[in-house]
Amino acid sequence: MTDSIPATLVPASIVDAARAAHPEWRAWRLESVTGPTGNLSLIETRWLPDGAETTPEAALAGQPASVVATLIQRRNLDTGAPERGVRLWDADAPAIRAFETVTAFPFNPDWVIEAEFTPVSAERSVPFEHIRDNGGTRDLVVPGDITFTRDRVDYSLSAFDDDGTLLLVFGDASNGADGPDGTYASGRFLFVHRIDGEPGRVLLDFNRAFVPPCGFSSQYNCPLPPRNNRFGLVVDAGEKRVVFRDGYDMLTQTDAA
């Protein structure tokens with residue numbers, strides 16, 4: 001991987017732009033997770049029996065006016081058959097009322113990285129273990145390899161296609177660590193941005209690494225970082241942990257199936 005650009009050689013203009021936009025991104029994140037259908041508002045994920053159908057209106061029977069419903073679908077882990085379900089979102093959820101903040105590292109210019117993106121066959125997928133699948137894996141389409149060099153170490157990462165956007169699920173040595181610089185134990189997410197006019201280049205701004213939805217509600221089933229997406233060092237950039245007040249513990253809420 002001799003052609004990879006070391007992270008230290010990212011143009012200063014890219015780093016300056018990322019730094020200038022960072023406060024707005026942080027404000028947007030804190031606002032979005034508390035929205036009516038933000039991560040904190042998810043109060044129930046319910047999978048329907050085979051052949052059963054429902055509507056958002058039917059799913060709302062007996063719910064307060066602050067709750068809305070959406071329909072979801074996935075493939076059965078064992079059979080591959082489609083499974084249908086419903087999610088309930090409460091704009092007045094206990095998690096929203098108890099939410100204090102999402103802690104984050106100060107902006108770190110060393111973790112703004114320009115990388116090479118090499119497309120691969122549209123049929124290639126990578127098995128991702130999910131937090132609530134008891135060790136099972138779900139194959140997710142990975143449209144290319146993301147490669148770069150940092151501190152003389154070569155990295156090759158796999159980001160899956162999330163409705164047309166590359167989503168990187170990664171882990172590092174800070175995950176679950178004690179102390180103020182520990183991060184969410186199961187890993188973090190990062191959207192990968194393609195660089196305009198350079199089809200073979202992408203930008204990884206780890207200052208925008210974020211706590212996945214399962215860090216806000218026990219009703220999500222998030223993918224976990226595959227082995228090649230795990231850094232052996234601390235990625236001291238991006239969000240750390242979700243902080244609740246008043247002794248709130250999301251794990252005491254009803255678990256998702």
# chains A, B, ... in the order shown; residues from 1 in each chain; ligands from 1
call {"tool": "closest_atom_pairs", "arguments": {"of": "segment 140-208 of chain A", "to": "segment 25-31 of chain A", "cutoff": "12 Å", "atoms": "only C-alpha atoms", "output": "CSV"}}
result
residue,atom,partner,partner_atom,distance
A:Asp205,CA,A:Trp25,CA,11.8
A:Asn207,CA,A:Arg26,CA,9.6
A:Arg208,CA,A:Trp25,CA,7.8
call {"tool": "residues_around", "arguments": {"residues": "Val141 of chain A", "least_positions_apart": "5", "cutoff": "10 Å", "atoms": "only C-alpha atoms", "output": "MDAnalysis selection string"}}
result
chainID A and resid 121:127 158:162
call {"tool": "residues_around", "arguments": {"residues": "segment 108-119 of chain A", "least_positions_apart": "4", "cutoff": "8 Å", "atoms": "only C-alpha atoms", "output": "count of residues only"}}
result
26
call {"tool": "select_by_dssp", "arguments": {"residues": "segment 5-167 of chain A", "states": "strand (DSSP E)", "output": "ChimeraX atom specification"}}
result
/A:42-47,67-75,82-90,99-104,112-119,125-129,137-141,144-150,153-162,165-167
call {"tool": "closest_residue", "arguments": {"among": "A:Thr149, A:Thr101, A:Gln219, A:Thr137", "to": "Glu239 of chain A", "atoms": "only C-alpha atoms"}}
result
A:Thr101
call {"tool": "closest_residue", "arguments": {"among": "A:Pro226, A:Gly38, A:Gly171, A:Gly62", "to": "Phe128 of chain A", "atoms": "only C-alpha atoms"}}
result
A:Pro226
